[in-house]
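Raw contents of work-v5.cif, mmCIF, C-alpha atoms:
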data_entry
#
loop_
_atom_site.label_atom_id
_atom_site.label_comp_id
_atom_site.auth_asym_id
_atom_site.auth_seq_id
_atom_site.Cartn_x
_atom_site.Cartn_y
_atom_site.Cartn_z
CA MET A 1118 99.16 79.55 69.76
CA GLY A 1119 98.66 83.27 70.06
CA LEU A 1120 96.11 82.82 72.88
CA GLU A 1121 98.27 80.25 74.67
CA GLN A 1122 101.30 82.54 74.51
CA ALA A 1123 99.25 85.47 75.75
CA LEU A 1124 97.98 83.43 78.71
CA ALA A 1125 101.49 82.21 79.45
CA ASP A 1126 102.81 85.77 79.44
CA PHE A 1127 99.93 86.91 81.62
CA PHE A 1128 100.57 84.30 84.30
CA THR A 1129 104.31 84.88 84.10
CA HIS A 1130 103.77 88.53 84.98
CA MET A 1131 101.40 87.77 87.86
CA GLY A 1132 103.25 88.49 91.07
CA ILE A 1133 101.36 85.87 93.04
CA LEU A 1134 103.00 83.08 91.04
CA ASN A 1135 106.43 84.44 91.98
CA LEU A 1136 105.82 84.64 95.73
CA THR A 1137 108.41 82.76 97.78
CA VAL A 1138 108.06 81.54 101.34
CA GLY A 1139 110.48 84.29 102.32
CA ASN A 1140 108.27 86.93 100.70
CA ILE A 1141 105.24 85.65 102.59
CA VAL A 1142 107.12 85.66 105.90
CA MET A 1143 108.36 89.22 105.36
CA ILE A 1144 104.89 90.43 104.36
CA LEU A 1145 103.62 89.01 107.66
CA VAL A 1146 106.50 90.67 109.54
CA GLY A 1147 105.65 94.00 107.89
CA LEU A 1148 101.97 93.63 108.77
CA THR A 1149 102.96 92.82 112.35
CA LEU A 1150 104.92 96.08 112.59
CA VAL A 1151 101.92 97.94 111.19
CA TYR A 1152 99.68 96.26 113.79
CA LEU A 1153 102.03 97.13 116.67
CA ALA A 1154 102.24 100.73 115.48
CA ILE A 1155 98.47 101.17 115.21
CA ARG A 1156 97.19 98.96 118.02
CA TYR A 1157 99.84 99.61 120.66
CA LYS A 1158 101.30 102.90 119.35
CA MET A 1159 104.84 101.46 119.40
CA GLU A 1160 107.00 104.14 117.71
CA PRO A 1161 104.18 104.61 115.15
CA LEU A 1162 105.93 107.45 113.31
CA LEU A 1163 108.57 104.97 112.18
CA LEU A 1164 107.22 101.45 112.58
CA LEU A 1165 104.17 102.23 110.46
CA PRO A 1166 106.10 103.39 107.35
CA ILE A 1167 108.77 100.72 107.94
CA GLY A 1168 106.15 97.97 108.17
CA ILE A 1169 104.04 98.96 105.19
CA SER A 1170 107.06 99.54 102.93
CA ALA A 1171 108.39 96.12 103.99
CA VAL A 1172 105.13 94.65 102.69
CA LEU A 1173 105.38 96.51 99.39
CA VAL A 1174 109.03 95.67 98.72
CA ASN A 1175 108.30 91.95 99.16
CA LEU A 1176 105.57 91.88 96.52
CA PRO A 1177 107.19 90.14 93.51
CA LEU A 1178 107.49 92.10 90.28
CA SER A 1179 106.34 95.30 91.99
CA HIS A 1180 109.50 97.05 90.73
CA VAL A 1181 109.59 99.43 93.68
CA ALA A 1182 113.13 98.20 94.40
CA ASN A 1183 115.20 96.80 91.53
CA TRP A 1184 118.74 97.31 92.81
CA PRO A 1185 120.61 95.20 95.41
CA LEU A 1186 121.35 96.74 98.81
CA ALA A 1187 125.05 95.92 98.95
CA PRO A 1188 126.26 95.46 95.37
CA GLN A 1189 129.85 94.67 94.46
CA LEU A 1190 131.08 97.91 92.90
CA PRO A 1191 134.19 98.39 90.75
CA PRO A 1192 136.98 100.31 92.55
CA ASP A 1193 136.59 103.35 90.29
CA VAL A 1194 132.90 103.61 91.21
CA GLN A 1195 133.14 103.24 94.99
CA GLY A 1196 132.67 106.45 96.95
CA ASN A 1197 131.07 108.33 94.06
CA ILE A 1198 127.30 108.42 94.36
CA PHE A 1199 126.74 109.58 90.78
CA ALA A 1200 129.03 106.90 89.33
CA THR A 1201 127.33 104.34 91.58
CA LEU A 1202 123.86 105.29 90.34
CA SER A 1203 125.03 105.12 86.72
CA TYR A 1204 126.66 101.73 87.25
CA LEU A 1205 123.58 100.26 89.00
CA ASN A 1206 121.32 101.60 86.25
CA GLU A 1207 123.45 99.87 83.63
CA GLN A 1208 123.63 96.59 85.54
CA TYR A 1209 120.11 96.28 86.98
CA GLY A 1210 117.94 98.60 84.93
CA PRO A 1211 115.99 101.72 85.96
CA PRO A 1212 115.62 102.30 89.72
CA GLY A 1213 112.42 101.87 91.64
CA ILE A 1214 111.17 104.53 94.03
CA PHE A 1215 112.69 102.75 97.04
CA ASP A 1216 116.06 102.49 95.27
CA LEU A 1217 116.15 106.27 94.93
CA ILE A 1218 115.14 106.80 98.58
CA TYR A 1219 117.75 104.33 99.83
CA TYR A 1220 120.69 105.36 97.65
CA LEU A 1221 120.08 109.13 97.55
CA LEU A 1222 118.75 109.77 101.06
CA ILE A 1223 119.74 106.90 103.36
CA LYS A 1224 123.05 105.67 101.99
CA THR A 1225 124.35 109.22 101.54
CA GLU A 1226 123.45 109.85 105.24
CA VAL A 1227 121.30 112.84 104.26
CA VAL A 1228 118.23 111.69 106.20
CA PRO A 1229 119.99 110.62 109.43
CA LEU A 1230 121.86 113.93 109.53
CA LEU A 1231 118.69 115.95 108.94
CA ILE A 1232 117.02 113.94 111.72
CA PHE A 1233 119.83 115.06 114.03
CA PHE A 1234 119.29 118.64 112.89
CA GLY A 1235 115.63 118.39 113.85
CA LEU A 1236 116.46 116.70 117.15
CA GLY A 1237 118.80 119.54 118.01
CA ALA A 1238 116.03 122.05 117.40
CA MET A 1239 113.78 120.04 119.74
CA THR A 1240 116.32 119.45 122.52
CA ASP A 1241 116.79 121.47 125.69
CA PHE A 1242 120.31 120.95 127.06
CA GLY A 1243 119.46 123.12 130.07
CA PRO A 1244 119.24 120.27 132.63
CA MET A 1245 122.69 118.99 131.64
CA ILE A 1246 124.21 122.48 131.66
CA ALA A 1247 122.69 123.11 135.10
CA ASP A 1248 124.29 119.94 136.50
CA PRO A 1249 127.26 119.03 134.26
CA LYS A 1250 128.22 115.96 136.26
CA THR A 1251 125.09 114.19 135.01
CA ALA A 1252 126.81 114.10 131.60
CA LEU A 1253 129.02 111.38 133.09
CA LEU A 1254 125.93 109.21 133.44
CA GLY A 1255 125.23 109.62 129.74
CA ALA A 1256 128.79 108.45 129.10
CA ALA A 1257 128.47 105.52 131.52
CA ALA A 1258 125.37 104.23 129.74
CA GLN A 1259 127.47 103.76 126.60
CA ILE A 1260 128.84 100.61 128.23
CA GLY A 1261 125.86 98.88 126.64
CA VAL A 1262 127.34 99.64 123.21
CA PHE A 1263 130.58 97.85 124.06
CA VAL A 1264 128.90 94.93 125.85
CA ALA A 1265 126.72 94.25 122.81
CA MET A 1266 129.68 94.76 120.47
CA LEU A 1267 131.88 92.26 122.32
CA THR A 1268 129.01 89.77 122.52
CA ALA A 1269 128.46 90.12 118.78
CA ILE A 1270 132.14 89.41 118.13
CA LEU A 1271 131.93 86.26 120.28
CA LEU A 1272 128.94 85.15 118.20
CA GLY A 1273 130.94 85.40 114.99
CA PHE A 1274 130.15 88.86 113.63
CA ASP A 1275 133.05 90.81 112.15
CA LEU A 1276 134.22 94.08 113.70
CA LYS A 1277 132.20 96.37 111.45
CA GLU A 1278 129.01 94.36 111.96
CA ALA A 1279 129.63 94.18 115.72
CA ALA A 1280 130.11 97.96 115.96
CA SER A 1281 126.86 98.52 114.03
CA ILE A 1282 125.05 96.13 116.38
CA GLY A 1283 126.62 97.59 119.50
CA ILE A 1284 125.49 101.14 118.71
CA ILE A 1285 121.90 99.91 119.19
CA GLY A 1286 122.71 100.16 122.91
CA GLY A 1287 122.83 103.92 122.57
CA ALA A 1288 119.07 103.85 121.90
CA ASP A 1289 119.51 106.34 119.09
CA GLY A 1290 117.91 105.25 115.83
CA PRO A 1291 119.45 107.88 113.49
CA THR A 1292 122.95 107.17 114.83
CA THR A 1293 122.39 103.44 114.37
CA ILE A 1294 121.35 104.00 110.75
CA TYR A 1295 124.19 106.45 110.12
CA LEU A 1296 126.87 104.07 111.42
CA THR A 1297 125.43 100.90 109.89
CA THR A 1298 125.09 102.54 106.48
CA LYS A 1299 128.80 103.31 106.54
CA LEU A 1300 130.13 100.11 108.11
CA ALA A 1301 127.71 97.25 107.39
CA PRO A 1302 124.84 98.25 105.07
CA HIS A 1303 123.83 94.62 104.54
CA ILE A 1304 122.49 94.45 108.13
CA LEU A 1305 120.85 97.89 108.10
CA SER A 1306 117.28 96.58 108.16
CA ALA A 1307 117.93 94.36 111.20
CA THR A 1308 119.78 97.00 113.24
CA ALA A 1309 117.25 99.73 112.41
CA VAL A 1310 114.24 97.57 113.27
CA ALA A 1311 115.93 96.44 116.50
CA ALA A 1312 116.81 100.01 117.50
CA TYR A 1313 113.37 101.48 116.91
CA SER A 1314 111.43 98.46 118.19
CA TYR A 1315 113.32 98.34 121.46
CA MET A 1316 113.17 102.12 121.86
CA SER A 1317 109.40 101.72 122.00
CA LEU A 1318 109.87 98.94 124.57
CA VAL A 1319 112.02 101.05 126.92
CA PRO A 1320 109.15 101.22 129.47
CA LEU A 1321 109.21 97.41 129.57
CA ILE A 1322 112.97 96.75 129.34
CA GLN A 1323 114.30 99.30 131.81
CA PRO A 1324 112.16 98.95 134.98
CA PRO A 1325 113.20 95.33 135.82
CA VAL A 1326 116.88 96.24 135.39
CA ILE A 1327 116.56 99.39 137.50
CA LYS A 1328 114.67 97.61 140.28
CA ALA A 1329 117.17 94.75 140.32
CA LEU A 1330 120.07 97.16 140.88
CA THR A 1331 118.49 99.64 143.32
CA THR A 1332 116.70 99.46 146.65
CA PRO A 1333 113.37 101.18 147.46
CA GLU A 1334 115.30 103.58 149.70
CA GLU A 1335 117.60 104.56 146.85
CA ARG A 1336 114.67 105.05 144.51
CA ARG A 1337 113.08 107.41 147.05
CA ILE A 1338 116.07 109.78 147.15
CA ARG A 1339 115.00 113.35 146.42
CA MET A 1340 117.34 115.70 144.59
CA GLU A 1341 117.81 119.45 144.94
CA GLN A 1342 116.13 121.70 142.42
CA LEU A 1343 118.32 122.54 139.42
CA ARG A 1344 119.68 126.06 139.11
CA PRO A 1345 118.35 128.33 136.35
CA VAL A 1346 120.39 128.29 133.15
CA SER A 1347 121.00 131.59 131.38
CA LYS A 1348 120.34 132.20 127.71
CA ARG A 1349 124.04 132.95 127.21
CA GLU A 1350 124.97 129.50 128.51
CA LYS A 1351 122.44 127.83 126.22
CA ILE A 1352 123.82 129.70 123.21
CA LEU A 1353 127.48 129.04 124.01
CA PHE A 1354 126.96 125.34 124.73
CA PRO A 1355 126.16 124.15 121.17
CA ILE A 1356 128.93 126.29 119.69
CA ALA A 1357 131.54 125.08 122.17
CA SER A 1358 130.39 121.45 121.90
CA MET A 1359 130.55 121.49 118.10
CA ILE A 1360 134.08 122.91 118.10
CA VAL A 1361 135.53 120.73 120.88
CA ILE A 1362 134.03 117.43 119.72
CA GLY A 1363 134.75 118.28 116.08
CA LEU A 1364 138.43 118.73 116.94
CA LEU A 1365 138.73 115.69 119.21
CA VAL A 1366 136.56 113.25 117.22
CA PRO A 1367 136.37 114.56 113.64
CA SER A 1368 134.34 111.55 112.47
CA ALA A 1369 131.55 112.57 114.85
CA ALA A 1370 131.49 116.13 113.46
CA PRO A 1371 128.62 115.57 110.96
CA LEU A 1372 126.28 114.17 113.63
CA ILE A 1373 127.27 116.53 116.44
CA GLY A 1374 127.46 119.47 114.05
CA MET A 1375 123.92 119.03 112.77
CA LEU A 1376 122.62 118.42 116.31
CA MET A 1377 124.24 121.59 117.62
CA ILE A 1378 123.28 123.75 114.64
CA GLY A 1379 119.66 122.76 115.20
CA ASN A 1380 120.01 123.52 118.90
CA LEU A 1381 121.55 126.93 118.19
CA PHE A 1382 118.55 127.72 115.98
CA ARG A 1383 116.35 126.94 118.99
CA GLU A 1384 118.29 128.77 121.66
CA SER A 1385 119.33 131.88 119.72
CA GLY A 1386 115.76 133.14 119.68
CA VAL A 1387 116.27 135.03 116.42
CA VAL A 1388 115.22 132.36 113.92
CA GLN A 1389 112.03 131.05 115.50
CA ARG A 1390 110.50 130.36 112.10
CA LEU A 1391 113.46 128.22 111.02
CA SER A 1392 113.55 126.45 114.36
CA LYS A 1393 109.84 125.68 114.15
CA ALA A 1394 110.26 124.37 110.59
CA ALA A 1395 113.12 122.11 111.70
CA GLN A 1396 111.04 120.74 114.58
CA GLU A 1397 107.88 120.20 112.58
CA GLU A 1398 107.79 120.28 108.76
CA LEU A 1399 111.38 119.15 108.13
CA MET A 1400 111.29 116.54 110.88
CA ASN A 1401 108.03 115.10 109.56
CA ILE A 1402 109.32 114.88 105.99
CA VAL A 1403 112.64 113.22 106.82
CA THR A 1404 110.89 110.83 109.22
CA ILE A 1405 108.70 109.64 106.35
CA PHE A 1406 111.73 109.06 104.12
CA LEU A 1407 113.61 107.38 106.96
CA GLY A 1408 110.78 104.92 107.59
CA LEU A 1409 110.27 104.15 103.91
CA GLY A 1410 114.00 103.79 103.29
CA VAL A 1411 114.56 101.43 106.21
CA GLY A 1412 111.46 99.40 105.35
CA SER A 1413 112.69 99.01 101.78
CA THR A 1414 115.75 97.15 103.08
CA MET A 1415 113.59 94.46 104.69
CA ARG A 1416 113.73 92.15 101.71
CA ALA A 1417 113.40 88.44 102.28
CA GLU A 1418 116.80 87.59 100.83
CA SER A 1419 118.65 89.98 103.15
CA PHE A 1420 116.46 89.97 106.27
CA LEU A 1421 115.60 86.30 106.75
CA THR A 1422 118.97 85.09 107.97
CA PRO A 1423 120.23 83.64 111.26
CA LYS A 1424 122.18 86.88 111.76
CA THR A 1425 118.95 88.87 111.89
CA LEU A 1426 117.63 86.84 114.82
CA MET A 1427 120.94 87.25 116.65
CA ILE A 1428 120.91 91.00 116.01
CA LEU A 1429 117.39 91.30 117.43
CA ALA A 1430 118.49 89.34 120.53
CA LEU A 1431 121.63 91.45 120.90
CA GLY A 1432 119.45 94.56 120.82
CA VAL A 1433 117.91 93.50 124.13
CA VAL A 1434 121.38 92.85 125.55
CA ALA A 1435 122.50 96.29 124.41
CA PHE A 1436 119.55 98.13 125.98
CA ALA A 1437 119.67 96.17 129.25
CA SER A 1438 123.44 96.54 129.70
CA ALA A 1439 123.29 100.26 128.85
CA THR A 1440 120.64 100.71 131.53
CA ALA A 1441 122.69 98.69 134.01
CA GLY A 1442 125.86 100.66 133.28
CA GLY A 1443 124.09 103.96 133.88
CA VAL A 1444 122.46 102.81 137.12
CA LEU A 1445 125.68 101.34 138.53
CA PHE A 1446 127.57 104.55 137.82
CA GLY A 1447 124.64 106.40 139.39
CA LYS A 1448 125.10 104.34 142.55
CA LEU A 1449 128.78 105.30 142.60
CA MET A 1450 127.87 108.97 142.27
CA MET A 1451 125.27 108.51 145.00
CA LYS A 1452 127.97 107.21 147.36
CA LEU A 1453 130.42 109.96 146.47
CA SER A 1454 127.75 112.67 146.90
CA GLY A 1455 126.69 111.43 150.29
CA GLY A 1456 123.32 110.19 149.09
CA ARG A 1457 122.23 113.34 147.26
CA ILE A 1458 121.97 111.71 143.81
CA ASN A 1459 119.20 109.26 142.94
CA PRO A 1460 121.00 106.42 141.10
CA MET A 1461 118.00 105.78 138.88
CA ILE A 1462 118.76 108.85 136.79
CA GLY A 1463 121.71 106.90 135.38
CA ALA A 1464 119.25 104.72 133.50
CA ALA A 1465 118.23 107.79 131.50
CA GLY A 1466 121.73 107.88 130.04
CA VAL A 1467 120.47 105.92 127.05
CA SER A 1468 119.44 108.48 124.48
CA ALA A 1469 115.81 107.43 124.14
CA VAL A 1470 114.64 111.00 124.73
CA PRO A 1471 112.47 111.55 126.70
CA MET A 1472 111.14 108.01 127.26
CA SER A 1473 113.89 106.76 129.55
CA ALA A 1474 113.66 109.93 131.69
CA ARG A 1475 109.93 109.35 132.02
CA VAL A 1476 110.53 105.75 133.07
CA VAL A 1477 112.83 106.99 135.84
CA GLN A 1478 110.24 109.54 136.98
CA LYS A 1479 107.51 106.89 137.01
CA LEU A 1480 109.56 104.57 139.22
CA ALA A 1481 110.41 107.43 141.58
CA THR A 1482 106.73 108.34 141.87
CA GLU A 1483 105.82 104.72 142.65
CA GLU A 1484 108.07 104.84 145.71
CA ASP A 1485 107.33 108.45 146.68
CA PRO A 1486 104.44 110.29 144.95
CA GLY A 1487 106.04 113.64 145.80
CA ASN A 1488 109.46 112.86 144.33
CA PHE A 1489 110.03 114.81 141.12
CA ILE A 1490 113.33 113.94 139.40
CA LEU A 1491 112.30 114.19 135.74
CA MET A 1492 114.46 117.24 135.01
CA HIS A 1493 117.44 115.63 136.75
CA ALA A 1494 116.97 112.56 134.54
CA MET A 1495 116.82 114.73 131.43
CA GLY A 1496 120.46 115.73 131.99
CA PRO A 1497 121.84 112.21 131.40
CA ASN A 1498 119.16 111.67 128.75
CA VAL A 1499 120.36 114.46 126.45
CA ALA A 1500 123.98 113.67 127.31
CA GLY A 1501 123.34 110.17 126.00
CA VAL A 1502 122.53 111.62 122.56
CA ILE A 1503 125.94 113.29 122.46
CA GLY A 1504 127.68 110.24 123.92
CA THR A 1505 126.26 107.85 121.33
CA ALA A 1506 127.23 110.18 118.47
CA VAL A 1507 130.80 110.42 119.84
CA VAL A 1508 131.07 106.62 120.14
CA ALA A 1509 129.83 106.29 116.57
CA GLY A 1510 132.53 108.74 115.51
CA VAL A 1511 135.18 106.70 117.29
CA PHE A 1512 133.98 103.54 115.54
CA LEU A 1513 134.10 105.30 112.18
CA SER A 1514 137.64 106.52 112.83
CA ALA A 1515 138.80 103.05 113.79
CA LEU A 1516 136.85 100.93 111.30
CA GLY A 1517 135.54 103.17 108.54
#

Have the structure of the file written as structure tokens, please.
Amino acid sequence: MGLEQALADFFTHMGILNLTVGNIVMILVGLTLVYLAIRYKMEPLLLLPIGISAVLVNLPLSHVANWPLAPQLPPDVQGNIFATLSYLNEQYGPPGIFDLIYYLLIKTEVVPLLIFFGLGAMTDFGPMIADPKTALLGAAAQIGVFVAMLTAILLGFDLKEAASIGIIGGADGPTTIYLTTKLAPHILSATAVAAYSYMSLVPLIQPPVIKALTTPEERRIRMEQLRPVSKREKILFPIASMIVIGLLVPSAAPLIGMLMIGNLFRESGVVQRLSKAAQEELMNIVTIFLGLGVGSTMRAESFLTPKTLMILALGVVAFASATAGGVLFGKLMMKLSGGRINPMIGAAGVSAVPMSARVVQKLATEEDPGNFILMHAMGPNVAGVIGTAVVAGVFLSALG
């Protein structure tokens, strides 16, 4: 009997006997993301850790994630991270490594906000400051957020889920994670994977939309060289932006604040070491935690649902409509300027920096090898980062 019991216990604790069809599917999905990251270099800095952690979290009895993603918490526990951790420990046992990453770094918004800090240190707002009207194109591209949101509502998603899906149209992964964590954490894995996957597909999604809405003559329009931007302007911009947006849209203050603090580090010129650390060491560390944390949410029971497939489809709608909104507003500005603005730069209003600006430059070069509009496209591109953060703040004020 002793041997039989020992064998029974051994097989009971073998993970392979506890594999479900859902686990197998998610392991294959994770391996697919790893393959795309390595073979085709599709957002490898994020898809690689997301994919491999998705594999690990779907191995039964691995104990890397023991807590549920969206547990029902007692009223006296909600909103208190320390009380939440204590409650989950009592109910579900000790946390796994992914539980700690998710609850301490992702759910508390620490990682998304630090990502914004690093992005600010890496961003040059000069092109937008040199030609402020291009900021309107960054705002126009946000139409994709609302198109996807309204479509999601028509498909049966509630308002909080629809807002989290719509923000994918801003092409800003950290903002998508930040908003979804607050409004609809149960769909975080789907929205994050959609946002980062389609960001890597911007060179495939945007060109057909741009070409469908513009003529070869419009794509050949050359624009005047941007004026030089002084150091004083670059220093005042992040300070003024943080104050103005913080007063008008307080819910956007954490995102915009971290973005502008990072940018002030860059432009001040007196903390080069800190700026370099934010751009490199800090950014690398938080990117690792972001990928692992998002991948840990790709569990079979929460990811393999009809909603996930709809979210992935709506991600395409969001990106395409955002591109269309920017281009159409670019055509309006072209008309009003007497043909001095290339409407394609409106497509760069999605905040996939700098990929969408490079797409615009590539299409311009195809029509006219001597046409250089990359810096003009960078204006709407960086404006899109601000625009998406502001929209997220509005959603939080209305729905949070």

Problem - Pick from A:Arg1337, A:Met1266, A:Glu1397, A:Leu1271 nearest to Ile1490 of chain A, counting all atoms listed in the file - result: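 Nearest to Ile1490 of chain A: A:Arg1337.
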
Practice task
Might you spell out which residues the PyMOL selection byres ((chain A and resi 1385) around 10) would select in the displayed file, as a ChimeraX atom specification?
Solution key: /A:1348-1349,1351-1353,1380-1384,1386-1389,1392

Problem - Polymer residues at most 9 Å from segment 1434-1447 of chain A, all atoms listed in the file, same-chain spacing of 6 or more positions, as a PyMOL selection string - result: chain A and resi 1251+1253-1266+1268+1282-1288+1315-1316+1319+1322-1323+1326-1327+1330-1331+1458-1467+1497

If you take all atoms listed in the file and a cut-off of 10 Å, which residues of segment 1303-1374 of chain A touch segment 1183-1200 of chain A, and what are their nearest atom pairs and distances in Å to one decimal, in chain and number order, as a tab-separated table?
residue	atom	partner	partner_atom	distance
A:His1303	CA	A:Ala1187	CA	5.9
A:Ile1304	CA	A:Ala1187	CA	9.6
A:Leu1305	CA	A:Leu1186	CA	9.4

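Interatomic distance, atom CA of Glu1334 of chain A to atom CA of Pro1320 of chain A: 21.3 Å.
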
Problem - Near-Gly1496 of chain A list (7 Å; all atoms listed in the file; drop same-chain fewer than 2 positions) as JSON, numbers by chain - result: {"A": [1244, 1245, 1251, 1252, 1492, 1493, 1494, 1498, 1499, 1500]}

How would segment 1392-1417 of chain A of the given structure read as a file with N, CA and C atoms, as an mmCIF file, in the first residue's frame?
data_model
loop_
_atom_site.group_PDB
_atom_site.id
_atom_site.type_symbol
_atom_site.label_atom_id
_atom_site.label_comp_id
_atom_site.auth_asym_id
_atom_site.auth_seq_id
_atom_site.Cartn_x
_atom_site.Cartn_y
_atom_site.Cartn_z
ATOM 1 N N SER A 1392 19.061 61.292 -16.712
ATOM 2 C CA SER A 1392 18.332 61.136 -17.970
ATOM 3 C C SER A 1392 18.764 59.865 -18.696
ATOM 4 N N LYS A 1393 20.063 59.625 -18.729
ATOM 5 C CA LYS A 1393 20.583 58.423 -19.374
ATOM 6 C C LYS A 1393 20.093 57.169 -18.656
ATOM 7 N N ALA A 1394 20.058 57.209 -17.320
ATOM 8 C CA ALA A 1394 19.578 56.052 -16.556
ATOM 9 C C ALA A 1394 18.100 55.784 -16.840
ATOM 10 N N ALA A 1395 17.315 56.866 -16.958
ATOM 11 C CA ALA A 1395 15.892 56.704 -17.253
ATOM 12 C C ALA A 1395 15.685 56.100 -18.642
ATOM 13 N N GLN A 1396 16.513 56.517 -19.596
ATOM 14 C CA GLN A 1396 16.376 56.029 -20.973
ATOM 15 C C GLN A 1396 16.860 54.590 -21.127
ATOM 16 N N GLU A 1397 17.848 54.208 -20.335
ATOM 17 C CA GLU A 1397 18.466 52.900 -20.549
ATOM 18 C C GLU A 1397 18.189 51.918 -19.406
ATOM 19 N N GLU A 1398 18.906 52.045 -18.289
ATOM 20 C CA GLU A 1398 18.779 51.041 -17.221
ATOM 21 C C GLU A 1398 17.353 50.918 -16.699
ATOM 22 N N LEU A 1399 16.739 52.058 -16.320
ATOM 23 C CA LEU A 1399 15.385 52.004 -15.766
ATOM 24 C C LEU A 1399 14.392 51.476 -16.787
ATOM 25 N N MET A 1400 14.507 51.977 -18.017
ATOM 26 C CA MET A 1400 13.578 51.557 -19.065
ATOM 27 C C MET A 1400 13.704 50.056 -19.331
ATOM 28 N N ASN A 1401 14.908 49.547 -19.330
ATOM 29 C CA ASN A 1401 15.104 48.122 -19.566
ATOM 30 C C ASN A 1401 14.497 47.283 -18.443
ATOM 31 N N ILE A 1402 14.697 47.717 -17.211
ATOM 32 C CA ILE A 1402 14.183 46.957 -16.066
ATOM 33 C C ILE A 1402 12.661 46.927 -16.065
ATOM 34 N N VAL A 1403 12.030 48.102 -16.229
ATOM 35 C CA VAL A 1403 10.565 48.126 -16.161
ATOM 36 C C VAL A 1403 9.940 47.437 -17.374
ATOM 37 N N THR A 1404 10.655 47.438 -18.506
ATOM 38 C CA THR A 1404 10.149 46.725 -19.679
ATOM 39 C C THR A 1404 10.105 45.220 -19.412
ATOM 40 N N ILE A 1405 11.112 44.714 -18.728
ATOM 41 C CA ILE A 1405 11.126 43.291 -18.359
ATOM 42 C C ILE A 1405 9.931 42.970 -17.471
ATOM 43 N N PHE A 1406 9.719 43.778 -16.441
ATOM 44 C CA PHE A 1406 8.603 43.528 -15.525
ATOM 45 C C PHE A 1406 7.257 43.697 -16.226
ATOM 46 N N LEU A 1407 7.183 44.656 -17.145
ATOM 47 C CA LEU A 1407 5.940 44.858 -17.888
ATOM 48 C C LEU A 1407 5.601 43.625 -18.714
ATOM 49 N N GLY A 1408 6.597 43.106 -19.448
ATOM 50 C CA GLY A 1408 6.369 41.928 -20.275
ATOM 51 C C GLY A 1408 5.992 40.716 -19.455
ATOM 52 N N LEU A 1409 6.724 40.483 -18.357
ATOM 53 C CA LEU A 1409 6.424 39.335 -17.510
ATOM 54 C C LEU A 1409 5.051 39.476 -16.854
ATOM 55 N N GLY A 1410 4.732 40.682 -16.409
ATOM 56 C CA GLY A 1410 3.447 40.896 -15.754
ATOM 57 C C GLY A 1410 2.274 40.706 -16.693
ATOM 58 N N VAL A 1411 2.387 41.235 -17.906
ATOM 59 C CA VAL A 1411 1.304 41.066 -18.881
ATOM 60 C C VAL A 1411 1.192 39.597 -19.298
ATOM 61 N N GLY A 1412 2.323 38.952 -19.536
ATOM 62 C CA GLY A 1412 2.298 37.545 -19.923
ATOM 63 C C GLY A 1412 1.670 36.669 -18.863
ATOM 64 N N SER A 1413 1.867 37.044 -17.593
ATOM 65 C CA SER A 1413 1.307 36.236 -16.508
ATOM 66 C C SER A 1413 -0.212 36.285 -16.468
ATOM 67 N N THR A 1414 -0.819 37.282 -17.125
ATOM 68 C CA THR A 1414 -2.279 37.366 -17.161
ATOM 69 C C THR A 1414 -2.887 36.510 -18.263
ATOM 70 N N MET A 1415 -2.034 35.936 -19.115
ATOM 71 C CA MET A 1415 -2.544 35.135 -20.243
ATOM 72 C C MET A 1415 -2.804 33.695 -19.809
ATOM 73 N N ARG A 1416 -3.684 33.546 -18.858
ATOM 74 C CA ARG A 1416 -4.043 32.224 -18.366
ATOM 75 C C ARG A 1416 -5.238 31.716 -19.155
ATOM 76 N N ALA A 1417 -5.269 30.431 -19.365
ATOM 77 C CA ALA A 1417 -6.298 29.847 -20.223
ATOM 78 C C ALA A 1417 -7.698 30.249 -19.803
#
